Each structure stands twice: as C-alpha cells, then as structure tokens.
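Text of the file structure_31.pdb, holding PDB, C-alpha atoms, pLDDT in the B column:
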ATOM      1  CA  MET A 793      -0.859  11.903  11.378  1.00 48.00           C
ATOM      2  CA  ALA A 794       0.944  15.135  10.513  1.00 58.00           C
ATOM      3  CA  LEU A 795       4.710  14.797  10.268  1.00 57.00           C
ATOM      4  CA  GLU A 796       5.303  17.403  12.940  1.00 60.00           C
ATOM      5  CA  LYS A 797       3.245  15.264  15.330  1.00 61.00           C
ATOM      6  CA  LEU A 798       5.329  12.103  15.001  1.00 58.00           C
ATOM      7  CA  PRO A 799       6.313  11.129  18.536  1.00 61.00           C
ATOM      8  CA  ARG A 800       9.909  11.609  19.626  1.00 63.00           C
ATOM      9  CA  THR A 801      11.691   8.842  21.421  1.00 64.00           C
ATOM     10  CA  PRO A 802      15.168   9.442  22.827  1.00 69.00           C
ATOM     11  CA  ASP A 803      16.160   5.811  22.336  1.00 76.00           C
ATOM     12  CA  GLY A 804      14.716   4.922  18.960  1.00 90.00           C
ATOM     13  CA  PHE A 805      13.302   5.751  15.584  1.00 95.00           C
ATOM     14  CA  VAL A 806       9.615   6.048  14.704  1.00 94.00           C
ATOM     15  CA  VAL A 807       8.373   4.768  11.343  1.00 96.00           C
ATOM     16  CA  ALA A 808       4.916   5.613   9.969  1.00 96.00           C
ATOM     17  CA  ALA A 809       3.510   4.494   6.631  1.00 96.00           C
ATOM     18  CA  ASP A 810       0.273   4.307   4.677  1.00 96.00           C
ATOM     19  CA  THR A 811      -0.852   3.246   1.218  1.00 96.00           C
ATOM     20  CA  VAL A 812      -3.567   4.266  -1.233  1.00 96.00           C
ATOM     21  CA  VAL A 813      -4.500   2.908  -4.646  1.00 98.00           C
ATOM     22  CA  ALA A 814      -5.287   5.244  -7.555  1.00 98.00           C
ATOM     23  CA  ALA A 815      -7.364   4.037 -10.493  1.00 97.00           C
ATOM     24  CA  GLY A 816      -7.195   6.932 -12.894  1.00 95.00           C
ATOM     25  CA  ARG A 817      -8.331   9.947 -10.897  1.00 95.00           C
ATOM     26  CA  ARG A 818     -10.147   7.840  -8.289  1.00 96.00           C
ATOM     27  CA  ILE A 819      -8.489   7.170  -4.929  1.00 97.00           C
ATOM     28  CA  LEU A 820      -9.345   3.756  -3.517  1.00 97.00           C
ATOM     29  CA  HIS A 821      -8.905   3.807   0.236  1.00 93.00           C
ATOM     30  CA  LYS A 822      -8.924   0.905   2.656  1.00 95.00           C
ATOM     31  CA  THR A 823     -12.085  -1.143   2.292  1.00 96.00           C
ATOM     32  CA  GLU A 824     -14.633  -1.147   5.069  1.00 94.00           C
ATOM     33  CA  SER A 825     -17.371  -3.221   3.406  1.00 97.00           C
ATOM     34  CA  ARG A 826     -17.783  -6.076   0.958  1.00 98.00           C
ATOM     35  CA  GLU A 827     -19.733  -3.766  -1.355  1.00 98.00           C
ATOM     36  CA  THR A 828     -16.843  -1.305  -1.519  1.00 98.00           C
ATOM     37  CA  ALA A 829     -14.346  -4.120  -2.112  1.00 98.00           C
ATOM     38  CA  GLU A 830     -16.476  -5.487  -4.947  1.00 98.00           C
ATOM     39  CA  ARG A 831     -16.765  -2.041  -6.548  1.00 98.00           C
ATOM     40  CA  TYR A 832     -12.994  -1.522  -6.296  1.00 98.00           C
ATOM     41  CA  LEU A 833     -12.137  -4.958  -7.691  1.00 98.00           C
ATOM     42  CA  ARG A 834     -14.532  -4.559 -10.620  1.00 98.00           C
ATOM     43  CA  LEU A 835     -12.889  -1.199 -11.349  1.00 98.00           C
ATOM     44  CA  LEU A 836      -9.364  -2.695 -11.219  1.00 98.00           C
ATOM     45  CA  SER A 837     -10.217  -5.810 -13.232  1.00 98.00           C
ATOM     46  CA  GLY A 838      -8.364  -5.907 -16.545  1.00 98.00           C
ATOM     47  CA  ARG A 839      -6.510  -2.636 -16.067  1.00 97.00           C
ATOM     48  CA  ARG A 840      -3.445  -1.031 -14.548  1.00 98.00           C
ATOM     49  CA  HIS A 841      -3.502   1.208 -11.507  1.00 98.00           C
ATOM     50  CA  LYS A 842      -1.025   3.042  -9.290  1.00 98.00           C
ATOM     51  CA  VAL A 843      -0.176   2.283  -5.691  1.00 98.00           C
ATOM     52  CA  HIS A 844       1.235   5.158  -3.614  1.00 97.00           C
ATOM     53  CA  SER A 845       2.982   4.191  -0.391  1.00 97.00           C
ATOM     54  CA  ALA A 846       4.231   6.960   1.874  1.00 97.00           C
ATOM     55  CA  VAL A 847       6.732   6.391   4.651  1.00 98.00           C
ATOM     56  CA  ALA A 848       8.029   8.847   7.242  1.00 97.00           C
ATOM     57  CA  VAL A 849      10.846   8.244   9.698  1.00 97.00           C
ATOM     58  CA  ALA A 850      11.521  10.346  12.800  1.00 95.00           C
ATOM     59  CA  ALA A 851      14.989  10.159  14.357  1.00 95.00           C
ATOM     60  CA  PRO A 852      15.552  10.368  18.113  1.00 93.00           C
ATOM     61  CA  ASP A 853      16.858  13.936  17.661  1.00 92.00           C
ATOM     62  CA  GLY A 854      13.617  15.043  15.967  1.00 91.00           C
ATOM     63  CA  ARG A 855      14.789  15.049  12.339  1.00 95.00           C
ATOM     64  CA  ILE A 856      12.190  13.683   9.928  1.00 96.00           C
ATOM     65  CA  SER A 857      12.604  12.178   6.473  1.00 97.00           C
ATOM     66  CA  CYS A 858       9.827  10.983   4.215  1.00 97.00           C
ATOM     67  CA  ARG A 859       9.253   9.485   0.813  1.00 97.00           C
ATOM     68  CA  VAL A 860       6.348   8.491  -1.428  1.00 98.00           C
ATOM     69  CA  VAL A 861       6.896   5.412  -3.583  1.00 98.00           C
ATOM     70  CA  GLU A 862       4.742   4.896  -6.668  1.00 98.00           C
ATOM     71  CA  SER A 863       4.257   1.465  -8.206  1.00 98.00           C
ATOM     72  CA  VAL A 864       2.132   0.375 -11.157  1.00 98.00           C
ATOM     73  CA  VAL A 865       0.144  -2.847 -10.866  1.00 98.00           C
ATOM     74  CA  GLY A 866      -1.796  -4.595 -13.620  1.00 98.00           C
ATOM     75  CA  PHE A 867      -4.757  -6.817 -12.876  1.00 97.00           C
ATOM     76  CA  ALA A 868      -5.859  -9.585 -15.180  1.00 97.00           C
ATOM     77  CA  ARG A 869      -9.534  -9.535 -16.072  1.00 98.00           C
ATOM     78  CA  LEU A 870     -11.388 -11.202 -13.199  1.00 97.00           C
ATOM     79  CA  ASP A 871     -14.194 -13.586 -13.986  1.00 97.00           C
ATOM     80  CA  GLU A 872     -17.236 -13.738 -11.716  1.00 97.00           C
ATOM     81  CA  PRO A 873     -16.205 -16.941  -9.847  1.00 97.00           C
ATOM     82  CA  GLN A 874     -12.741 -15.465  -9.106  1.00 96.00           C
ATOM     83  CA  LEU A 875     -14.253 -12.230  -7.864  1.00 97.00           C
ATOM     84  CA  GLN A 876     -16.853 -13.924  -5.653  1.00 98.00           C
ATOM     85  CA  ALA A 877     -14.301 -16.371  -4.194  1.00 97.00           C
ATOM     86  CA  TYR A 878     -11.965 -13.504  -3.312  1.00 98.00           C
ATOM     87  CA  LEU A 879     -14.763 -11.515  -1.705  1.00 98.00           C
ATOM     88  CA  ALA A 880     -15.831 -14.599   0.281  1.00 98.00           C
ATOM     89  CA  SER A 881     -12.268 -14.977   1.590  1.00 97.00           C
ATOM     90  CA  GLY A 882     -12.513 -11.671   3.476  1.00 97.00           C
ATOM     91  CA  GLU A 883      -8.892 -10.923   2.588  1.00 97.00           C
ATOM     92  CA  TRP A 884      -9.985  -7.545   1.181  1.00 97.00           C
ATOM     93  CA  GLN A 885     -10.913  -6.210   4.638  1.00 97.00           C
ATOM     94  CA  GLY A 886      -8.972  -3.071   5.492  1.00 96.00           C
ATOM     95  CA  LYS A 887      -6.884  -3.259   2.322  1.00 97.00           C
ATOM     96  CA  ALA A 888      -6.224  -0.246   0.094  1.00 96.00           C
ATOM     97  CA  GLY A 889      -7.923  -0.919  -3.228  1.00 97.00           C
ATOM     98  CA  GLY A 890      -9.657  -3.967  -1.775  1.00 97.00           C
ATOM     99  CA  TYR A 891      -6.839  -6.463  -2.267  1.00 98.00           C
ATOM    100  CA  ALA A 892      -3.687  -7.874  -0.675  1.00 97.00           C
ATOM    101  CA  ILE A 893      -0.994  -8.583  -3.272  1.00 97.00           C
ATOM    102  CA  GLN A 894       0.830 -10.852  -0.802  1.00 97.00           C
ATOM    103  CA  GLY A 895      -2.205 -13.125  -0.470  1.00 96.00           C
ATOM    104  CA  GLN A 896      -4.739 -14.712  -2.773  1.00 97.00           C
ATOM    105  CA  ALA A 897      -4.855 -11.605  -4.978  1.00 97.00           C
ATOM    106  CA  ALA A 898      -1.343 -12.471  -6.206  1.00 97.00           C
ATOM    107  CA  ASN A 899      -3.227 -14.680  -8.676  1.00 96.00           C
ATOM    108  CA  PHE A 900      -4.741 -11.568 -10.282  1.00 96.00           C
ATOM    109  CA  ILE A 901      -1.486  -9.707 -10.916  1.00 97.00           C
ATOM    110  CA  ASP A 902      -0.175  -9.817 -14.482  1.00 97.00           C
ATOM    111  CA  PHE A 903       2.149  -6.801 -14.265  1.00 98.00           C
ATOM    112  CA  ILE A 904       4.060  -4.879 -11.622  1.00 98.00           C
ATOM    113  CA  SER A 905       6.557  -2.052 -11.951  1.00 98.00           C
ATOM    114  CA  GLY A 906       8.057  -0.454  -8.874  1.00 97.00           C
ATOM    115  CA  SER A 907       8.198  -1.674  -5.308  1.00 97.00           C
ATOM    116  CA  TYR A 908       6.483  -4.962  -4.465  1.00 97.00           C
ATOM    117  CA  SER A 909       6.939  -4.271  -0.744  1.00 97.00           C
ATOM    118  CA  GLY A 910       5.432  -0.807  -1.311  1.00 97.00           C
ATOM    119  CA  VAL A 911       2.314  -2.443  -2.741  1.00 97.00           C
ATOM    120  CA  VAL A 912       2.201  -4.705   0.318  1.00 96.00           C
ATOM    121  CA  GLY A 913       2.261  -1.550   2.442  1.00 94.00           C
ATOM    122  CA  LEU A 914       5.803  -0.676   3.517  1.00 97.00           C
ATOM    123  CA  PRO A 915       8.464   0.038   0.889  1.00 97.00           C
ATOM    124  CA  LEU A 916      11.361  -1.752   2.579  1.00 97.00           C
ATOM    125  CA  HIS A 917      14.276  -0.492   0.482  1.00 97.00           C
ATOM    126  CA  GLU A 918      13.156   3.131   0.771  1.00 97.00           C
ATOM    127  CA  THR A 919      12.454   2.757   4.509  1.00 98.00           C
ATOM    128  CA  SER A 920      15.907   1.370   5.205  1.00 97.00           C
ATOM    129  CA  THR A 921      17.457   4.154   3.093  1.00 97.00           C
ATOM    130  CA  LEU A 922      15.593   6.787   5.155  1.00 98.00           C
ATOM    131  CA  LEU A 923      16.666   5.118   8.410  1.00 97.00           C
ATOM    132  CA  ARG A 924      20.315   4.960   7.364  1.00 97.00           C
ATOM    133  CA  GLY A 925      20.178   8.601   6.211  1.00 97.00           C
ATOM    134  CA  LEU A 926      19.079   9.581   9.707  1.00 96.00           C
ATOM    135  CA  GLY A 927      21.897   7.646  11.381  1.00 94.00           C
ATOM    136  CA  TRP A 928      20.369   4.245  12.109  1.00 92.00           C
ATOM    137  CA  ARG A 929      22.921   1.451  11.904  1.00 84.00           C
TER
END
As structure tokens, what does this structure read like?
Amino acid sequence: MALEKLPRTPDGFVVAADTVVAAGRRILHKTESRETAERYLRLLSGRRHKVHSAVAVAAPDGRISCRVVESVVGFARLDEPQLQAYLASGEWQGKAGGYAIQGQAANFIDFISGSYSGVVGLPLHETSTLLRGLGWR
C-alpha cells in the first residue's frame, strides 16, 4: 500500500507494517509453498541474513511517519531431521524467509543483532516512537 493511500481516521491512528528477509542480494518474501520454504531454509542454514521491517503510521490529521528497521539474524546449520520437522509443522506458511522466530524456529537462531520484535514482524520500540512523535499518548 502506498503511503499516500493510508486511510485517514478522524478518531485514531493507522499503523501498517511488512517484513522481508534478505539473504545476500536475494529477497525472500512470504512463503506460499513448502517447496519455497525448504529452498529458503536451506539457503539460510548456517549463515547470517538481514531482516527489514518497515512500519508506517498515519495520524488522524493526515501526517505520516515511517521507518525501516534492519536486523541481522544468524541461523545455525540445520540438519535434515530439523529441516523436515520444521517443514512438517507448517509454521513457515506465510512467513518472510520461511520461518517464525517466535515459534519453533527460535531453536535455529544462534545470533541476532537489532530488533527482535522487528524480526517477528512489527518493531515495537520504533512503532511506539513514531506514534508518540505524531501525538499519540
């Protein structure tokens, strides 16, 4: 959704956010199929990647503030039983990069720098800072 198309509400704020995973120059979107999730997880296994979470806030008066938060996440090397068990769980469905750090995939994480909540999908500190900057109390 383009920022200029965020809906205005006279009584409240509108928050929009989305997340993508970047492995080198490859962007790993939300997974639609098990095959895509498996490809993504094999790519992430044993390496670090970046997670970009964007958040935009629209104030009741139409002002808009936005921010992109970058975090670095390191995956341990996944063995075949770990990979297959995670794929069988279905937790990867609709997840950027094919994993949910707040779920079973927490077992794969050996390094994180940046915003944990941003990796989950909504950088909470940055969102509350944007809201306060626009007058939310």
Expanded to explicit residues, what is the PyMOL selection byres ((chain A and resi 899) around 12) for this file, as a PDB file with C-alpha atoms, in the frame of the given file?
ATOM      1  CA  GLY A 866      -1.796  -4.595 -13.620  1.00 98.00           C
ATOM      2  CA  PHE A 867      -4.757  -6.817 -12.876  1.00 97.00           C
ATOM      3  CA  ALA A 868      -5.859  -9.585 -15.180  1.00 97.00           C
ATOM      4  CA  ARG A 869      -9.534  -9.535 -16.072  1.00 98.00           C
ATOM      5  CA  LEU A 870     -11.388 -11.202 -13.199  1.00 97.00           C
ATOM      6  CA  GLN A 874     -12.741 -15.465  -9.106  1.00 96.00           C
ATOM      7  CA  LEU A 875     -14.253 -12.230  -7.864  1.00 97.00           C
ATOM      8  CA  TYR A 878     -11.965 -13.504  -3.312  1.00 98.00           C
ATOM      9  CA  TYR A 891      -6.839  -6.463  -2.267  1.00 98.00           C
ATOM     10  CA  ALA A 892      -3.687  -7.874  -0.675  1.00 97.00           C
ATOM     11  CA  ILE A 893      -0.994  -8.583  -3.272  1.00 97.00           C
ATOM     12  CA  GLN A 894       0.830 -10.852  -0.802  1.00 97.00           C
ATOM     13  CA  GLY A 895      -2.205 -13.125  -0.470  1.00 96.00           C
ATOM     14  CA  GLN A 896      -4.739 -14.712  -2.773  1.00 97.00           C
ATOM     15  CA  ALA A 897      -4.855 -11.605  -4.978  1.00 97.00           C
ATOM     16  CA  ALA A 898      -1.343 -12.471  -6.206  1.00 97.00           C
ATOM     17  CA  PHE A 900      -4.741 -11.568 -10.282  1.00 96.00           C
ATOM     18  CA  ILE A 901      -1.486  -9.707 -10.916  1.00 97.00           C
ATOM     19  CA  ASP A 902      -0.175  -9.817 -14.482  1.00 97.00           C
ATOM     20  CA  PHE A 903       2.149  -6.801 -14.265  1.00 98.00           C
TER      21      PHE A 903
END
Considering all atoms listed in the file, return as a PyMOL selection string whatever protein or nucleic-acid residues lie within 8 Å of A:Leu926, sequence-local ones (same chain, fewer than 5 positions apart) excluded. chain A and resi 851+855+857
What separation in Å, quoted to one decimal, exists between atom CA of A:Val843 and atom CA of A:Ser863?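 Taking atom CA of A:Val843 as the start and atom CA of A:Ser863 as the end point, the length is 5.2 Å.
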Separation of atom CA of A:Tyr832 from atom CA of A:Pro915, in Å and rounded to one decimal: 22.7 Å
Please put the answer as lines of an AutoDock Vina configuration file: centre and edge lengths, in Å with one decimal, of a box along x, y and z that encloses all listed atoms of stretch 854-860 of chain A plus 5 Å on each side.
center_x = 10.6
center_y = 11.8
center_z = 7.3
size_x = 18.4
size_y = 16.6
size_z = 27.4
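The smallest atom-to-atom distance between A:Ala814 and any of A:Arg840, A:Arg826, A:Arg924, A:His917, using all atoms listed in the file, is found for A:Arg840.
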I'd like the neighbourhood of A:Leu879 as JSON, numbers by chain, where a residue qualifies if any of its atoms comes within 10 Å (using all atoms listed in the file), though same-chain residues fewer than 3 positions away should be ignored. {"A": [826, 827, 829, 830, 833, 873, 874, 875, 876, 882, 883, 884, 885, 890, 891]}
Within 7 Å of A:His821, counting all atoms listed in the file, which residues show up once you throw out same-chain ones fewer than 2 positions away? Write them as an mmCIF file with C-alpha atoms, in the coordinates of the input, please.
data_model
loop_
_atom_site.group_PDB
_atom_site.id
_atom_site.type_symbol
_atom_site.label_atom_id
_atom_site.label_comp_id
_atom_site.auth_asym_id
_atom_site.auth_seq_id
_atom_site.Cartn_x
_atom_site.Cartn_y
_atom_site.Cartn_z
ATOM 1 C CA VAL A 812 -3.567 4.266 -1.233
ATOM 2 C CA VAL A 813 -4.500 2.908 -4.646
ATOM 3 C CA ILE A 819 -8.489 7.170 -4.929
ATOM 4 C CA THR A 823 -12.085 -1.143 2.292
ATOM 5 C CA ALA A 888 -6.224 -0.246 0.094
ATOM 6 C CA GLY A 889 -7.923 -0.919 -3.228
#
Which of these, A:Leu820, A:Ile856, A:Leu916, A:Val849, has the shortest distance to A:Lys887 once you count only C-alpha atoms? A:Leu820
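Nearest residue to A:Gly804, choosing from A:Ala880, A:Ala850, A:Thr921, A:Gly910 and counting only C-alpha atoms: A:Ala850.
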Nearest to A:Asp810: which of A:Ser905, A:Ser845, A:Ser920, A:Ser881 is it, counting all atoms listed in the file? A:Ser845
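A straight line drawn from atom CA of A:Gly913 to atom CA of A:Arg834 is 21.5 Å long.
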Tell me which of A:Ala877, A:Ala815, A:Ala808, A:Val847 sits closest to A:Leu835, counting only C-alpha atoms.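 Looking at the shortest contact to A:Leu835, the residue is A:Ala815.
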Could you model N, CA and C atoms for stretch 834-848 of chain A and present them as a PDB file, keeping the file's coordinate frame?
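The result, stored in rebuild-v4.pdb:
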ATOM      1  N   ARG A 834     -13.959  -4.655  -9.270  1.00 98.00           N
ATOM      2  CA  ARG A 834     -14.532  -4.559 -10.620  1.00 98.00           C
ATOM      3  C   ARG A 834     -13.861  -3.417 -11.394  1.00 98.00           C
ATOM      4  N   LEU A 835     -13.570  -2.333 -10.719  1.00 98.00           N
ATOM      5  CA  LEU A 835     -12.889  -1.199 -11.349  1.00 98.00           C
ATOM      6  C   LEU A 835     -11.459  -1.571 -11.768  1.00 98.00           C
ATOM      7  N   LEU A 836     -10.753  -2.338 -10.941  1.00 98.00           N
ATOM      8  CA  LEU A 836      -9.364  -2.695 -11.219  1.00 98.00           C
ATOM      9  C   LEU A 836      -9.234  -3.838 -12.227  1.00 98.00           C
ATOM     10  N   SER A 837     -10.259  -4.639 -12.361  1.00 98.00           N
ATOM     11  CA  SER A 837     -10.217  -5.810 -13.232  1.00 98.00           C
ATOM     12  C   SER A 837      -9.837  -5.439 -14.664  1.00 98.00           C
ATOM     13  N   GLY A 838      -8.780  -6.091 -15.162  1.00 98.00           N
ATOM     14  CA  GLY A 838      -8.364  -5.907 -16.545  1.00 98.00           C
ATOM     15  C   GLY A 838      -7.646  -4.605 -16.846  1.00 98.00           C
ATOM     16  N   ARG A 839      -7.191  -3.915 -15.814  1.00 97.00           N
ATOM     17  CA  ARG A 839      -6.510  -2.636 -16.067  1.00 97.00           C
ATOM     18  C   ARG A 839      -5.354  -2.421 -15.091  1.00 97.00           C
ATOM     19  N   ARG A 840      -4.552  -1.428 -15.423  1.00 98.00           N
ATOM     20  CA  ARG A 840      -3.445  -1.031 -14.548  1.00 98.00           C
ATOM     21  C   ARG A 840      -3.875   0.095 -13.627  1.00 98.00           C
ATOM     22  N   HIS A 841      -3.239   0.147 -12.473  1.00 98.00           N
ATOM     23  CA  HIS A 841      -3.502   1.208 -11.507  1.00 98.00           C
ATOM     24  C   HIS A 841      -2.202   1.536 -10.788  1.00 98.00           C
ATOM     25  N   LYS A 842      -2.208   2.624 -10.043  1.00 98.00           N
ATOM     26  CA  LYS A 842      -1.025   3.042  -9.290  1.00 98.00           C
ATOM     27  C   LYS A 842      -1.254   2.819  -7.798  1.00 98.00           C
ATOM     28  N   VAL A 843      -0.164   2.450  -7.143  1.00 98.00           N
ATOM     29  CA  VAL A 843      -0.176   2.283  -5.691  1.00 98.00           C
ATOM     30  C   VAL A 843       0.840   3.273  -5.131  1.00 98.00           C
ATOM     31  N   HIS A 844       0.383   4.149  -4.236  1.00 97.00           N
ATOM     32  CA  HIS A 844       1.235   5.158  -3.614  1.00 97.00           C
ATOM     33  C   HIS A 844       1.424   4.776  -2.147  1.00 97.00           C
ATOM     34  N   SER A 845       2.662   4.519  -1.778  1.00 97.00           N
ATOM     35  CA  SER A 845       2.982   4.191  -0.391  1.00 97.00           C
ATOM     36  C   SER A 845       3.889   5.279   0.161  1.00 97.00           C
ATOM     37  N   ALA A 846       3.450   5.904   1.233  1.00 97.00           N
ATOM     38  CA  ALA A 846       4.231   6.960   1.874  1.00 97.00           C
ATOM     39  C   ALA A 846       4.823   6.412   3.160  1.00 97.00           C
ATOM     40  N   VAL A 847       6.076   6.793   3.411  1.00 98.00           N
ATOM     41  CA  VAL A 847       6.732   6.391   4.651  1.00 98.00           C
ATOM     42  C   VAL A 847       7.442   7.615   5.225  1.00 98.00           C
ATOM     43  N   ALA A 848       7.342   7.765   6.530  1.00 97.00           N
ATOM     44  CA  ALA A 848       8.029   8.847   7.242  1.00 97.00           C
ATOM     45  C   ALA A 848       8.798   8.225   8.401  1.00 97.00           C
TER      46      ALA A 848
END
